[in-house]
Each structure stands twice: as C-alpha cells, then as structure tokens.
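**Student:** Quick one, run.txt (compact mmCIF, C-alpha atoms):
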# COMPACT_ATOMS: atom_id res chain seq x y z
CA MET P 945 -21.97 -27.01 21.25
CA ALA P 946 -18.54 -25.53 21.99
CA ALA P 947 -18.04 -21.84 21.32
CA PRO P 948 -15.59 -20.99 18.52
CA GLU P 949 -12.07 -20.18 19.66
CA GLU P 950 -11.84 -17.06 17.50
CA ARG P 951 -14.38 -14.29 17.36
CA ASP P 952 -14.76 -11.60 14.73
CA LEU P 953 -12.75 -8.43 15.30
CA THR P 954 -14.32 -5.01 15.32
CA GLN P 955 -13.17 -2.41 12.83
CA GLU P 956 -11.24 -0.52 15.57
CA GLN P 957 -9.48 -3.73 16.69
CA THR P 958 -8.60 -4.56 13.08
CA GLU P 959 -7.03 -1.11 12.61
CA LYS P 960 -5.05 -1.51 15.85
CA LEU P 961 -3.91 -4.97 14.75
CA LEU P 962 -2.57 -3.65 11.42
CA GLN P 963 -0.94 -0.62 13.08
CA PHE P 964 0.74 -2.82 15.71
CA GLN P 965 2.10 -5.15 13.01
CA ASP P 966 3.42 -2.15 11.06
CA LEU P 967 5.12 -0.66 14.13
CA THR P 968 6.71 -3.88 15.42
CA GLY P 969 7.43 -5.71 12.16
CA ILE P 970 5.96 -8.98 13.51
CA GLU P 971 4.97 -11.09 10.53
CA SER P 972 2.58 -13.45 12.35
CA MET P 973 -0.88 -11.90 12.60
CA ASP P 974 -1.82 -14.41 15.35
CA GLN P 975 1.14 -13.29 17.47
CA CYS P 976 0.16 -9.63 17.00
CA ARG P 977 -3.41 -10.38 18.06
CA HIS P 978 -2.26 -12.40 21.09
CA THR P 979 0.02 -9.57 22.25
CA LEU P 980 -2.73 -6.95 21.87
CA GLU P 981 -5.24 -9.12 23.72
CA GLN P 982 -2.73 -9.47 26.59
CA HIS P 983 -2.60 -5.66 26.77
CA ASN P 984 -6.39 -5.34 26.52
CA TRP P 985 -5.97 -3.86 23.00
CA ASN P 986 -3.89 -0.95 24.33
CA ILE P 987 -1.56 -0.44 21.37
CA GLU P 988 0.81 1.98 23.16
CA ALA P 989 1.41 -0.49 26.00
CA ALA P 990 1.82 -3.38 23.54
CA VAL P 991 4.43 -1.47 21.49
CA GLN P 992 6.34 -0.48 24.59
CA ASP P 993 6.31 -4.03 25.89
CA ARG P 994 7.59 -5.22 22.52
CA LEU P 995 10.47 -2.70 22.70
CA ASN P 996 11.05 -3.90 26.23
CA GLU P 997 11.58 -7.46 24.97
CA GLN P 998 13.92 -6.27 22.19
CA GLU P 999 16.17 -4.58 24.76
CA GLY P 1000 16.49 -7.77 26.82
CA VAL P 1001 14.04 -6.77 29.56
CA PRO P 1002 11.43 -9.50 30.15
CA SER P 1003 7.85 -8.84 29.14
CA VAL P 1004 5.33 -8.13 31.85
CA PHE P 1005 3.48 -11.24 30.67
CA ASN P 1006 6.58 -13.47 30.64
CA PRO P 1007 8.09 -14.07 34.11
CA PRO P 1008 11.89 -13.72 34.16
CA PRO P 1009 14.04 -16.82 34.47
CA SER P 1010 16.16 -17.54 37.51
CA ARG P 1011 18.92 -15.36 36.05
CA PRO P 1012 17.62 -12.03 34.74
CA LEU P 1013 18.26 -11.30 31.10
CA GLN P 1014 21.08 -8.80 30.58
CA VAL P 1015 21.80 -6.47 27.68
CA ASN P 1016 24.75 -7.79 25.74
CA THR P 1017 27.29 -4.95 25.84
CA ALA P 1018 29.36 -6.69 23.19
CA ASP P 1019 26.49 -6.31 20.74
CA HIS P 1020 26.99 -2.95 19.06
CA ARG P 1021 23.34 -2.78 18.03
CA ILE P 1022 22.59 -1.01 21.34
CA TYR P 1023 25.09 1.67 22.31
CA SER P 1024 25.07 2.60 26.00
CA TYR P 1025 26.80 5.66 27.47
CA VAL P 1026 26.54 6.40 31.21
CA VAL P 1027 27.95 9.51 32.86
CA SER P 1028 28.76 8.83 36.51
CA ARG P 1029 28.61 11.55 39.12
CA PRO P 1030 32.04 13.04 39.89
CA GLN P 1031 33.86 11.63 42.88
CA PRO P 1032 34.57 13.91 45.87
CA ARG P 1033 37.89 15.74 45.76
CA GLY P 1034 40.10 16.70 48.64
CA LEU P 1035 39.75 16.09 52.32
CA LEU P 1036 36.81 18.47 52.67
CA GLY P 1037 34.92 16.82 49.84
CA TRP P 1038 35.40 13.31 51.16
CA GLY P 1039 34.53 14.44 54.66
CA TYR P 1040 31.24 15.97 53.48
CA TYR P 1041 30.52 12.87 51.42
CA LEU P 1042 31.09 10.48 54.35
CA ILE P 1043 29.03 12.63 56.69
CA MET P 1044 26.08 12.83 54.29
CA LEU P 1045 26.28 9.16 53.22
CA PRO P 1046 24.28 7.73 56.17
CA PHE P 1047 21.64 10.41 55.81
CA ARG P 1048 21.31 9.78 52.06
CA PHE P 1049 21.16 6.04 52.61
CA THR P 1050 18.54 6.39 55.34
CA TYR P 1051 16.49 8.90 53.30
CA TYR P 1052 16.38 6.86 50.10
CA THR P 1053 15.81 3.60 52.02
CA ILE P 1054 12.84 5.02 53.92
CA LEU P 1055 11.54 6.60 50.70
CA ASP P 1056 11.74 3.27 48.85
CA ILE P 1057 10.05 1.43 51.73
CA PHE P 1058 7.33 4.07 51.84
CA ARG P 1059 6.73 3.83 48.09
CA PHE P 1060 6.72 0.04 48.24
CA ALA P 1061 4.17 0.04 51.07
CA LEU P 1062 2.10 2.69 49.36
CA ARG P 1063 1.61 0.37 46.37
CA PHE P 1064 -0.39 -2.01 48.56
CA ILE P 1065 -2.54 0.79 49.97
CA ARG P 1066 -3.13 2.84 46.83
CA PRO P 1067 -2.21 1.76 43.28
CA ASP P 1068 0.18 4.03 41.43
CA PRO P 1069 -2.04 6.51 39.52
CA ARG P 1070 0.59 6.67 36.80
CA SER P 1071 -0.20 3.09 35.76
CA ARG P 1072 -3.46 4.24 34.14
CA VAL P 1073 -3.00 6.37 31.05
CA THR P 1074 -6.18 8.28 30.29
CA ASP P 1075 -4.93 11.33 28.40
CA PRO P 1076 -1.47 10.72 26.88
CA VAL P 1077 -1.54 13.85 24.73
CA GLY P 1078 -2.58 15.91 27.76
CA ASP P 1079 0.43 14.51 29.63
CA ILE P 1080 2.74 15.67 26.85
CA VAL P 1081 1.20 19.15 26.66
CA SER P 1082 1.33 19.53 30.45
CA PHE P 1083 5.03 18.61 30.51
CA MET P 1084 5.80 21.06 27.68
CA GLN P 1085 4.06 23.89 29.51
CA SER P 1086 5.85 23.20 32.80
CA PHE P 1087 9.19 22.89 30.94
CA GLU P 1088 8.75 26.27 29.24
CA GLU P 1089 7.66 27.92 32.48
CA LYS P 1090 10.84 26.73 34.19
CA TYR P 1091 13.45 26.79 31.42
CA GLY P 1092 12.07 29.16 28.82
CA ARG P 1093 10.94 28.68 25.23
CA ALA P 1094 14.43 28.13 23.81
CA HIS P 1095 14.47 24.33 23.64
CA PRO P 1096 14.31 21.56 21.03
CA VAL P 1097 10.99 21.20 19.25
CA PHE P 1098 8.89 18.75 21.24
CA TYR P 1099 6.87 16.16 19.40
CA GLN P 1100 3.28 16.97 20.27
CA GLY P 1101 1.80 13.51 20.29
CA THR P 1102 1.87 10.18 22.06
CA TYR P 1103 4.91 7.93 22.19
CA SER P 1104 3.36 5.45 19.74
CA GLN P 1105 2.56 8.29 17.32
CA ALA P 1106 6.18 9.46 17.51
CA LEU P 1107 7.36 5.91 16.77
CA ASN P 1108 4.98 5.71 13.85
CA ASP P 1109 6.09 9.04 12.36
CA ALA P 1110 9.78 8.21 12.80
CA LYS P 1111 9.22 4.92 11.03
CA ARG P 1112 7.24 6.49 8.22
CA GLU P 1113 9.69 9.36 7.70
CA LEU P 1114 12.80 7.16 8.28
CA ARG P 1115 14.19 9.50 10.90
CA PHE P 1116 15.91 9.11 14.24
CA LEU P 1117 13.69 9.50 17.31
CA LEU P 1118 15.31 10.88 20.46
CA VAL P 1119 13.33 10.09 23.62
CA TYR P 1120 13.97 12.09 26.80
CA LEU P 1121 12.55 10.92 30.15
CA HIS P 1122 12.53 13.69 32.71
CA GLY P 1123 12.96 12.78 36.39
CA ASP P 1124 11.43 15.65 38.33
CA ASP P 1125 12.89 14.49 41.64
CA HIS P 1126 16.39 13.77 40.36
CA GLN P 1127 19.13 16.20 41.40
CA ASP P 1128 20.69 16.38 37.91
CA SER P 1129 17.51 16.98 35.89
CA ASP P 1130 17.42 20.74 36.43
CA GLU P 1131 21.03 21.31 35.44
CA PHE P 1132 20.72 19.04 32.39
CA CYS P 1133 17.63 20.83 31.09
CA ARG P 1134 18.98 24.32 31.74
CA ASN P 1135 22.59 23.93 30.54
CA THR P 1136 22.59 20.97 28.15
CA LEU P 1137 19.17 20.44 26.59
CA CYS P 1138 18.59 24.16 26.04
CA ALA P 1139 22.08 24.82 24.65
CA PRO P 1140 21.84 26.41 21.18
CA GLU P 1141 24.15 23.87 19.51
CA VAL P 1142 22.15 20.97 21.03
CA ILE P 1143 18.88 22.54 19.90
CA SER P 1144 20.23 22.96 16.36
CA LEU P 1145 21.40 19.34 16.15
CA ILE P 1146 18.16 17.85 17.47
CA ASN P 1147 15.88 20.03 15.36
CA THR P 1148 17.73 19.31 12.12
CA ARG P 1149 18.60 15.62 12.50
CA MET P 1150 15.83 13.87 14.44
CA LEU P 1151 12.40 13.91 16.06
CA PHE P 1152 12.36 14.74 19.77
CA TRP P 1153 9.83 13.25 22.20
CA ALA P 1154 9.96 14.09 25.91
CA CYS P 1155 7.82 13.55 28.97
CA SER P 1156 8.08 13.45 32.73
CA THR P 1157 8.05 10.07 34.44
CA ASN P 1158 5.58 11.57 36.92
CA LYS P 1159 3.05 11.65 34.10
CA PRO P 1160 1.23 8.40 33.19
CA GLU P 1161 2.47 8.55 29.60
CA GLY P 1162 6.07 9.14 30.65
CA TYR P 1163 5.83 6.47 33.32
CA ARG P 1164 4.59 3.94 30.79
CA VAL P 1165 7.50 4.70 28.44
CA SER P 1166 9.84 4.47 31.45
CA GLN P 1167 8.53 0.96 32.14
CA ALA P 1168 9.31 0.03 28.55
CA LEU P 1169 12.79 1.56 28.29
CA ARG P 1170 13.89 0.71 31.85
CA GLU P 1171 16.22 3.62 32.53
CA ASN P 1172 18.75 3.28 35.33
CA THR P 1173 19.25 6.92 36.20
CA TYR P 1174 18.39 10.43 35.06
CA PRO P 1175 18.70 12.34 32.84
CA PHE P 1176 17.88 9.56 30.36
CA LEU P 1177 17.96 9.70 26.57
CA ALA P 1178 17.22 6.88 24.13
CA MET P 1179 17.84 6.94 20.38
CA ILE P 1180 15.31 4.88 18.41
CA MET P 1181 15.26 4.16 14.69
CA LEU P 1182 13.93 1.71 12.12
CA LYS P 1183 16.42 -1.13 11.96
CA ASP P 1184 15.81 -4.45 10.26
CA ARG P 1185 12.20 -3.33 9.69
CA ARG P 1186 11.64 -2.81 13.43
CA MET P 1187 11.75 0.25 15.66
CA THR P 1188 14.85 -0.46 17.72
CA VAL P 1189 16.70 1.31 20.53
CA VAL P 1190 20.20 1.86 19.13
CA GLY P 1191 21.58 4.15 21.83
CA ARG P 1192 21.09 4.92 25.54
CA LEU P 1193 22.57 7.99 27.23
CA GLU P 1194 22.24 8.25 31.02
CA GLY P 1195 23.51 10.72 33.56
CA LEU P 1196 24.45 14.39 33.56
CA ILE P 1197 26.05 14.82 30.16
CA GLN P 1198 27.52 18.11 28.96
CA PRO P 1199 26.43 19.80 25.69
CA ASP P 1200 29.58 19.00 23.68
CA ASP P 1201 29.63 15.44 24.95
CA LEU P 1202 25.94 15.01 24.12
CA ILE P 1203 26.48 16.28 20.59
CA ASN P 1204 29.40 13.93 20.11
CA GLN P 1205 27.48 10.94 21.44
CA LEU P 1206 24.37 11.64 19.35
CA THR P 1207 26.49 12.19 16.25
CA PHE P 1208 28.38 8.95 16.90
CA ILE P 1209 25.13 6.98 17.27
CA MET P 1210 23.64 8.48 14.10
CA ASP P 1211 26.80 7.91 12.07
CA ALA P 1212 27.07 4.32 13.31
CA ASN P 1213 23.49 3.57 12.27
CA HIS P 1214 23.15 5.80 9.24
CA THR P 1215 23.74 2.87 6.88
CA TYR P 1216 20.64 1.15 8.24
CA LEU P 1217 18.49 4.14 7.35
CA VAL P 1218 20.10 4.37 3.91
CA SER P 1219 19.48 0.66 3.38
CA GLU P 1220 15.89 1.01 4.54
CA ARG P 1221 15.36 4.01 2.23
CA LEU P 1222 16.72 2.01 -0.70
CA GLU P 1223 14.52 -0.95 0.16
CA ARG P 1224 11.51 1.32 0.54
CA GLU P 1225 12.24 3.01 -2.78
CA GLU P 1226 12.64 -0.40 -4.37
CA ARG P 1227 9.33 -1.51 -2.86
CA ASN P 1228 7.71 1.70 -4.05
CA GLN P 1229 9.14 1.24 -7.53
CA THR P 1230 7.98 -2.36 -7.53
CA GLN P 1231 4.56 -1.22 -6.38
CA VAL P 1232 4.47 1.49 -9.05
CA LEU P 1233 5.60 -1.00 -11.69
CA ARG P 1234 3.00 -3.47 -10.52
CA GLN P 1235 0.38 -0.73 -10.56
CA GLN P 1236 1.42 0.25 -14.08
CA GLN P 1237 1.25 -3.38 -15.14
CA ASP P 1238 -2.16 -3.70 -13.54
CA GLU P 1239 -3.34 -0.53 -15.29
CA ALA P 1240 -1.95 -1.79 -18.61
CA TYR P 1241 -3.65 -5.13 -18.05
CA LEU P 1242 -6.92 -3.42 -17.17
CA ALA P 1243 -6.61 -1.17 -20.24
CA SER P 1244 -5.96 -4.22 -22.43
CA LEU P 1245 -8.83 -6.04 -20.74
CA ARG P 1246 -11.15 -3.08 -21.32
CA ALA P 1247 -10.03 -2.92 -24.98
CA ASP P 1248 -10.71 -6.64 -25.38
CA GLN P 1249 -14.05 -6.24 -23.67
CA GLU P 1250 -14.86 -3.32 -25.96
CA LYS P 1251 -13.94 -5.39 -29.01
CA GLU P 1252 -16.04 -8.26 -27.74
CA ARG P 1253 -18.92 -5.87 -27.06
CA LYS P 1254 -18.72 -4.50 -30.59
CA LYS P 1255 -18.61 -8.05 -31.97
CA ARG P 1256 -21.66 -8.95 -29.93
CA GLU P 1257 -23.45 -5.82 -31.12
CA GLU P 1258 -22.50 -6.63 -34.72
CA ARG P 1259 -23.72 -10.21 -34.34
CA GLU P 1260 -26.90 -8.95 -32.74
CA ARG P 1261 -27.38 -6.42 -35.54
CA LYS P 1262 -26.89 -9.10 -38.19
CA ARG P 1263 -29.22 -11.43 -36.33
CA ARG P 1264 -31.91 -8.77 -36.13
CA LYS P 1265 -31.43 -7.91 -39.77
CA GLU P 1266 -31.70 -11.55 -40.75
CA GLU P 1267 -34.80 -11.88 -38.60
CA GLU P 1268 -36.23 -8.77 -40.22
CA VAL P 1269 -35.50 -10.11 -43.70
CA GLN P 1270 -37.01 -13.43 -42.73
CA GLN P 1271 -40.07 -11.70 -41.34
CA GLN P 1272 -40.38 -9.71 -44.54
CA LYS P 1273 -40.11 -12.89 -46.59
CA LEU P 1274 -42.75 -14.58 -44.48
CA ALA P 1275 -44.99 -11.52 -44.74
CA GLU P 1276 -44.50 -11.41 -48.50
CA GLU P 1277 -45.23 -15.11 -48.73
CA ARG P 1278 -48.38 -14.71 -46.68
CA ARG P 1279 -49.45 -11.73 -48.79
CA ARG P 1280 -48.96 -13.65 -51.99
CA GLN P 1281 -50.78 -16.62 -50.59
CA ASN P 1282 -53.68 -14.40 -49.51
CA LEU P 1283 -53.66 -12.71 -52.91
CA GLN P 1284 -53.78 -16.04 -54.69
CA GLU P 1285 -56.62 -17.20 -52.47
CA GLU P 1286 -58.46 -13.96 -53.17
CA LYS P 1287 -57.96 -14.41 -56.94
CA GLU P 1288 -59.31 -17.94 -56.73
CA ARG P 1289 -62.29 -16.77 -54.73
CA LYS P 1290 -63.03 -14.02 -57.24
CA MET P 1291 -62.73 -16.53 -60.06
CA GLU P 1292 -65.25 -18.85 -58.40
CA CYS P 1293 -67.71 -16.02 -57.86
CA LEU P 1294 -67.72 -14.81 -61.47
CA PRO P 1295 -71.04 -15.25 -63.31
CA PRO P 1296 -70.96 -17.50 -66.37
CA GLU P 1297 -69.88 -15.94 -69.67
CA PRO P 1298 -72.83 -15.13 -72.03
CA SER P 1299 -72.99 -16.83 -75.39
CA PRO P 1300 -72.00 -14.93 -78.55
CA ASP P 1301 -75.59 -15.13 -79.75
CA ASP P 1302 -76.94 -13.30 -76.77
CA PRO P 1303 -78.05 -9.83 -77.97
CA GLU P 1304 -77.39 -8.40 -74.47
CA SER P 1305 -73.82 -9.56 -74.41
CA VAL P 1306 -70.78 -7.31 -74.67
CA LYS P 1307 -67.49 -8.45 -76.13
CA ILE P 1308 -64.58 -6.76 -74.33
CA ILE P 1309 -60.94 -6.99 -75.28
CA PHE P 1310 -58.58 -6.11 -72.40
CA LYS P 1311 -55.07 -4.87 -73.07
CA LEU P 1312 -52.94 -5.71 -70.04
CA PRO P 1313 -49.80 -3.75 -68.90
CA ASN P 1314 -47.56 -6.53 -70.22
CA ASP P 1315 -49.06 -5.96 -73.76
CA SER P 1316 -51.00 -9.22 -73.65
CA ARG P 1317 -54.67 -9.34 -74.60
CA VAL P 1318 -57.57 -11.06 -72.88
CA GLU P 1319 -61.07 -11.37 -74.36
CA ARG P 1320 -64.35 -12.20 -72.62
CA ARG P 1321 -68.07 -11.54 -72.93
CA PHE P 1322 -70.19 -9.92 -70.28
CA HIS P 1323 -73.86 -9.03 -69.97
CA PHE P 1324 -75.03 -5.42 -70.28
CA SER P 1325 -76.90 -5.74 -67.00
CA GLN P 1326 -73.82 -6.81 -65.07
CA SER P 1327 -71.97 -4.33 -62.83
CA LEU P 1328 -68.58 -2.99 -63.76
CA THR P 1329 -67.40 -4.78 -60.61
CA VAL P 1330 -67.68 -8.06 -62.52
CA ILE P 1331 -65.15 -6.74 -65.06
CA HIS P 1332 -62.81 -5.78 -62.22
CA ASP P 1333 -63.18 -9.19 -60.52
CA PHE P 1334 -62.49 -10.97 -63.80
CA LEU P 1335 -59.30 -9.05 -64.40
CA PHE P 1336 -58.24 -9.42 -60.74
CA SER P 1337 -58.59 -13.21 -60.96
CA LEU P 1338 -56.18 -13.40 -63.88
CA LYS P 1339 -52.68 -14.58 -63.00
CA GLU P 1340 -50.95 -11.99 -65.17
CA SER P 1341 -52.93 -9.02 -63.91
CA PRO P 1342 -51.36 -6.54 -61.44
CA GLU P 1343 -52.47 -6.35 -57.82
CA LYS P 1344 -53.81 -2.84 -58.16
CA PHE P 1345 -55.13 -1.45 -61.39
CA GLN P 1346 -57.76 0.69 -63.01
CA ILE P 1347 -59.70 0.18 -66.22
CA GLU P 1348 -59.77 2.95 -68.83
CA ALA P 1349 -61.95 3.39 -71.94
CA ASN P 1350 -60.53 5.13 -75.00
CA PHE P 1351 -63.54 6.83 -76.64
CA PRO P 1352 -64.08 8.98 -74.74
CA ARG P 1353 -61.02 8.49 -72.57
CA ARG P 1354 -62.16 7.87 -69.06
CA VAL P 1355 -61.63 5.67 -66.05
CA LEU P 1356 -64.45 3.25 -65.43
CA PRO P 1357 -65.72 3.21 -61.83
CA CYS P 1358 -65.34 -0.52 -61.29
CA VAL P 1359 -64.93 -0.46 -57.49
CA PRO P 1360 -67.11 1.32 -54.92
CA SER P 1361 -66.06 4.89 -54.06
CA GLU P 1362 -67.56 8.03 -52.55
CA GLU P 1363 -68.69 9.14 -55.99
CA TRP P 1364 -69.91 5.71 -56.98
CA PRO P 1365 -70.92 3.74 -53.89
CA ASN P 1366 -72.54 1.20 -56.26
CA PRO P 1367 -70.61 0.89 -59.51
CA PRO P 1368 -72.83 1.22 -62.66
CA THR P 1369 -73.67 -1.55 -65.07
CA LEU P 1370 -71.96 -1.95 -68.40
CA GLN P 1371 -74.97 -0.41 -70.14
CA GLU P 1372 -75.04 2.53 -67.70
CA ALA P 1373 -71.34 3.05 -68.33
CA GLY P 1374 -72.09 3.53 -72.04
CA LEU P 1375 -70.23 0.49 -73.33
CA SER P 1376 -71.10 -0.82 -76.80
CA HIS P 1377 -71.34 -4.45 -77.97
CA THR P 1378 -67.64 -4.50 -78.70
CA GLU P 1379 -65.14 -2.60 -76.60
CA VAL P 1380 -61.42 -2.35 -76.10
CA LEU P 1381 -60.45 -1.45 -72.52
CA PHE P 1382 -56.97 -0.70 -71.15
CA VAL P 1383 -55.74 -1.99 -67.80
CA GLN P 1384 -53.53 0.60 -66.01
CA ASP P 1385 -51.10 -0.77 -63.36
CA LEU P 1386 -51.36 1.11 -60.03
CA THR P 1387 -49.23 -1.23 -57.88
CA ASP P 1388 -46.29 1.18 -57.41
CA GLU P 1389 -48.38 4.26 -56.87
I'd like the structure from this file rewritten - as structure tokens, please.
**Tutor:**
Amino acid sequence: MAAPEERDLTQEQTEKLLQFQDLTGIESMDQCRHTLEQHNWNIEAAVQDRLNEQEGVPSVFNPPPSRPLQVNTADHRIYSYVVSRPQPRGLLGWGYYLIMLPFRFTYYTILDIFRFALRFIRPDPRSRVTDPVGDIVSFMQSFEEKYGRAHPVFYQGTYSQALNDAKRELRFLLVYLHGDDHQDSDEFCRNTLCAPEVISLINTRMLFWACSTNKPEGYRVSQALRENTYPFLAMIMLKDRRMTVVGRLEGLIQPDDLINQLTFIMDANHTYLVSERLEREERNQTQVLRQQQDEAYLASLRADQEKERKKREERERKRRKEEEVQQQKLAEERRRQNLQEEKERKMECLPPEPSPDDPESVKIIFKLPNDSRVERRFHFSQSLTVIHDFLFSLKESPEKFQIEANFPRRVLPCVPSEEWPNPPTLQEAGLSHTEVLFVQDLTDE
C-alpha cells in the first residue's frame, strides 16, 4: 500500500505555517507549506528567501535563467540610492590612486580567491544560525563599545520578529547591515548613524534593526537583501499586504542626505500605510460588527432556547399533573370498587333476620346521616358487630361511622378496640326490644 502524500503537521509546524502566511501574504496554504519544507521549517530563512524573490533576486531553490533577473529601476516601488566614493582630485590624488590600484586589485583578488577556496575546505560558519538573538545582542554591545550609547534604538529581536512587529504596528522598518571590514562603515556609524538628528528621525518614525554581516543572523539577512556595498540600509514596510523593500540606500551617506532620503521614501509610501490602516480598521469594524451580530444571534438563540425550555417544563408539568389526576381517579375507582366488594361481602355474611315473633329479637330503627330510616331485627345474643356490618353493607351508609344510643346517650362499641377487644352483644349493651339508634358520619374526620 502506498504511503499518503501528506502527513499530519505538528502543532509547532502549524504555528510556523500560519505565521509564514501572515508575514508573506501568500494565500495558498500548500505553497506556504512547500516553501517551509524547502527551508527545513526555518521560518526566518523562508521569509528572507521570499523577500529575495520579491526584489528580483532568484530563490536559492530556483536556479537563475540564462540572463539573471534585474531589478526594474523604472518601477518606483523600490527606490534605490547609491553614494559612490569620491573621485581623486588633483595630480597628487590621481597619482596616489594609480599607484595603489594594482595593490588594491591584487589584495582583493587574492582575498576573494582565498575565501572561495576556503568554502571547499571549511563551510562558512555564518550559514548556520543557532542563536539569532545572541547575534543581535553581541552586535549591539560591540557597537556601543566602539561608538558609544548615543545611537538609534536597536530592535532587540530577530529579523523575522522585526518584520512581524512592523507589520502588526504598520510602521516602517529600517534595516542596517554592518560590514565590519568595509572602509566606510566606521565613518558612517560614527558621523551619520549616531548624529542626533538621524537618531531623532529613526526613533520617532520607524523601527530600527541592525546586525553585522559577520554574524550568522546578519549574514542570512544579507543573503536575502543582496546588498552591493556598505554601509547598506533597506526600508521595509507593509505594501499590498506583503512586507516589501521600498527603498535601498548604499554607500557612505551624510546625515542630512540620509534624512532627506529616508523622508522621501516614507513620504512616497505613506499612502500605502494609510490605505492599509483604513483597510485594517474596516476589517476590524467588520469583525466587530460580525461579532456583535454573532452575539445578538446567540442571545436570541439563548432566549428562544429558554422559551422552549420553559414550554417543555410547562408541558411536562401539565403532563405530570394530568398523570397525577389520572392516578388519583384510578385510585379512587379502585377504592370504591374495593368498598363495594367489601359491602357485598359483609352483606353475604350477615346472619338471617329473626322473625317478629321471636321473643329474643330486637327491633332497631336506624336514623342515617341523610335523614333516612332503616329498620331491621336482630337477636339479643348477636354481637354489636353484626349491627355495624349491616349498616356498612347499606348503599346509603357512609364509609366511616359510629352508632350512638340516645337513652342514655352513648356510643356503642360495635368494632374491636383496646377497651373492647370483643364487642358486647346487644343484650350486654343494654338494648331493649325496640331501639332507635343514630348513625354518626365520621368520613371527614
């Protein structure tokens, strides 16, 4: 079975992929991933290579065509300003220049040959960036030791972090690459870069990132920006949603000239920042509006859900109440059915009624709670329980009742109790041959 072409990304690779897309503005996620994989997921190198391509320099992964790509000087998107070294003046100056020319040519030729040969023997240690922040801090310390603490505020972070902050804050980023071995670097740093008016302009109008090309981090940025000579300055800004080099200043430039050139570059590209700020504000407002709409929708949804919940609870309450009423009806029906069955059973168990001629018979007239009268004969020897069972079996009698005699007024013990475990007979209760007894309803008590 063939292995899948794509594998899952780790969380760190996913974060680098999103950061690279944000920094470069590349819309295709596949292209971003391909570029990062070419650079072994080194985001700083990938960003620099991307800037390299934007400036017309071929990518390290794309071999140049037969004719090298050139920066279009007619395109005002990239402003280039090069300060050439002054020509010799007078006979003495030209004489010195012509005398030193062979020595300079020989020196730089041998030096280039030596460096070229050295690459085959020992790889350039600057090609491996292990501590980019340490490179920046080391350059800052050496700069202050040599030129003092009066200088523009250095950005204390990597090149990619400076790009990211400049993009987020919509500010210009001025990049300075320091050539330690170049003859003009010392004068530029001492007289131009540390001039008070230059410091004031840089600190108030832009971010400033600087590093030596002898440091791995500076060398890597140098490979991306491809400077021709030193001192080298590059102005970078967010343009058309991409971090773009909009100005290149090379050579020994004087303070006033540097201020004029930086001001010109910023003025020429200020509209792009304004446009980007307006677009970002519009996107933010759209996002806020969308968030407000989402919150309003969620609030409406929660209100609807709350109404639906209350409706469900009300339906459930009604259903339970109906079930409870139904259960009560069923219980009442069963109770009545049991009561009727009990009445019928009591009726069947009653002893036969004595005849009127029986001298041991007792004629009892019962006055029921509904003012009706019932008459029946019982035997003196029968228990008062028989009277109770007879009345209980009647349809019009209450469920619970007691039987009272009038003379003397008393309640007859017709059902077993603690006082009368075995109810007495009619004769023992003192009833005469003819009695009138009252039935007292106890159902509600």
**Student:** At a cut-off of 12 Å, using all atoms listed in the file, what residues contact P:Glu1379? Leave out same-chain residues fewer than 5 positions from it and give the result as a PyMOL selection string.
**Tutor:** chain P and resi 1305-1311+1318-1322+1348-1352+1370-1371+1373-1374
**Student:** Find the distance between atom CA of P:Cys1138 and atom CA of P:Ala1094 and write it in Å to one decimal.
**Tutor:**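 It comes out at 6.2 Å.
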**Student:** Residues within 8 Å of P:Leu1137, please, as a list in words. Count only C-alpha atoms; anything in the same chain fewer than 6 positions from it doesn't count.
**Tutor:**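 Using only C-alpha atoms, the neighbours found are His1095, Pro1096, Ile1143 and Pro1199 of chain P.
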**Student:** For the selection you just gave me, I'd like the residues written to a file as a PDB file, in the frame of the given file, keeping C-alpha atoms.
**Tutor:**
ATOM      1  CA  HIS P1095      14.470  24.330  23.640  1.00  0.00           C
ATOM      2  CA  PRO P1096      14.310  21.560  21.030  1.00  0.00           C
ATOM      3  CA  ILE P1143      18.880  22.540  19.900  1.00  0.00           C
ATOM      4  CA  PRO P1199      26.430  19.800  25.690  1.00  0.00           C
TER       5      PRO P1199
END
**Student:** Could you check the closest approach to P:Arg1134 for each of P:Lys1090, P:Arg1170, P:Arg1278, P:Arg1149 and tell me which residue wins, using all atoms listed in the file?
**Tutor:**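 Using all atoms listed in the file, P:Arg1134 sits closest to P:Lys1090.
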**Student:** Quick check, in Å to one decimal: how far apart do atom CA of P:Ser1144 and atom CA of P:Leu1118 lie?
**Tutor:**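 Computing it gives 13.7 Å between the two atoms.
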**Student:** Which one is closest to P:Thr1102: P:Ala1154, P:Leu1294, P:Val1026, P:Val1142? Count only C-alpha atoms.
**Tutor:** P:Ala1154
**Student:** Within 9 Å of stretch 1385-1389 of chain P, counting all atoms listed in the file, which residues qualify if same-chain residues fewer than 6 places away don't, as a list in words?
**Tutor:**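 Once the adjacent positions are removed, what remains is Leu1312, Pro1313, Ser1341, Pro1342, Glu1343, Lys1344, Phe1345 and Gln1346 of chain P.
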**Student:** Quick one: distance from atom CA of P:Phe1047 to atom CA of P:Phe1176 in Å, one decimal?
**Tutor:**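 According to the coordinates, atom CA of P:Phe1047 and atom CA of P:Phe1176 are separated by 25.7 Å.
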**Student:** Mind checking which residues fall within 12 Å of P:Pro1303, counting all atoms listed in the file, ignoring those fewer than 4 positions away in the same chain, and posting them as a PyMOL selection string?
**Tutor:** chain P and resi 1298-1299+1307+1321-1325+1376-1378
**Student:** Which residue is closest to P:Lys1287? Choose from P:Arg1317, P:Lys1255, P:Lys1339, P:Lys1262 and count all atoms listed in the file.
**Tutor:** P:Lys1339
**Student:** Show me, as a list in words, the residues that have an atom within 9 Å of P:Val1097 when counting only C-alpha atoms, minus same-chain residues fewer than 5 positions from it.
**Tutor:** Ile1143, Ile1146, Asn1147, Leu1151, Phe1152 and Trp1153 of chain P
**Student:** Keeping only C-alpha atoms, write the selected residues as a PDB file, in the frame of the given file.
**Tutor:**
ATOM      1  CA  ILE P1143      18.880  22.540  19.900  1.00  0.00           C
ATOM      2  CA  ILE P1146      18.160  17.850  17.470  1.00  0.00           C
ATOM      3  CA  ASN P1147      15.880  20.030  15.360  1.00  0.00           C
ATOM      4  CA  LEU P1151      12.400  13.910  16.060  1.00  0.00           C
ATOM      5  CA  PHE P1152      12.360  14.740  19.770  1.00  0.00           C
ATOM      6  CA  TRP P1153       9.830  13.250  22.200  1.00  0.00           C
TER       7      TRP P1153
END
**Student:** With 8 Å of padding per side, what axis-aligned box (centre and edge lengths, Å, one decimal) covers all the listed atoms of stretch 1072-1076 of chain P? Give it as lines of an AutoDock Vina configuration file.
**Tutor:**
center_x = -3.8
center_y = 7.8
center_z = 30.5
size_x = 20.7
size_y = 23.1
size_z = 23.3
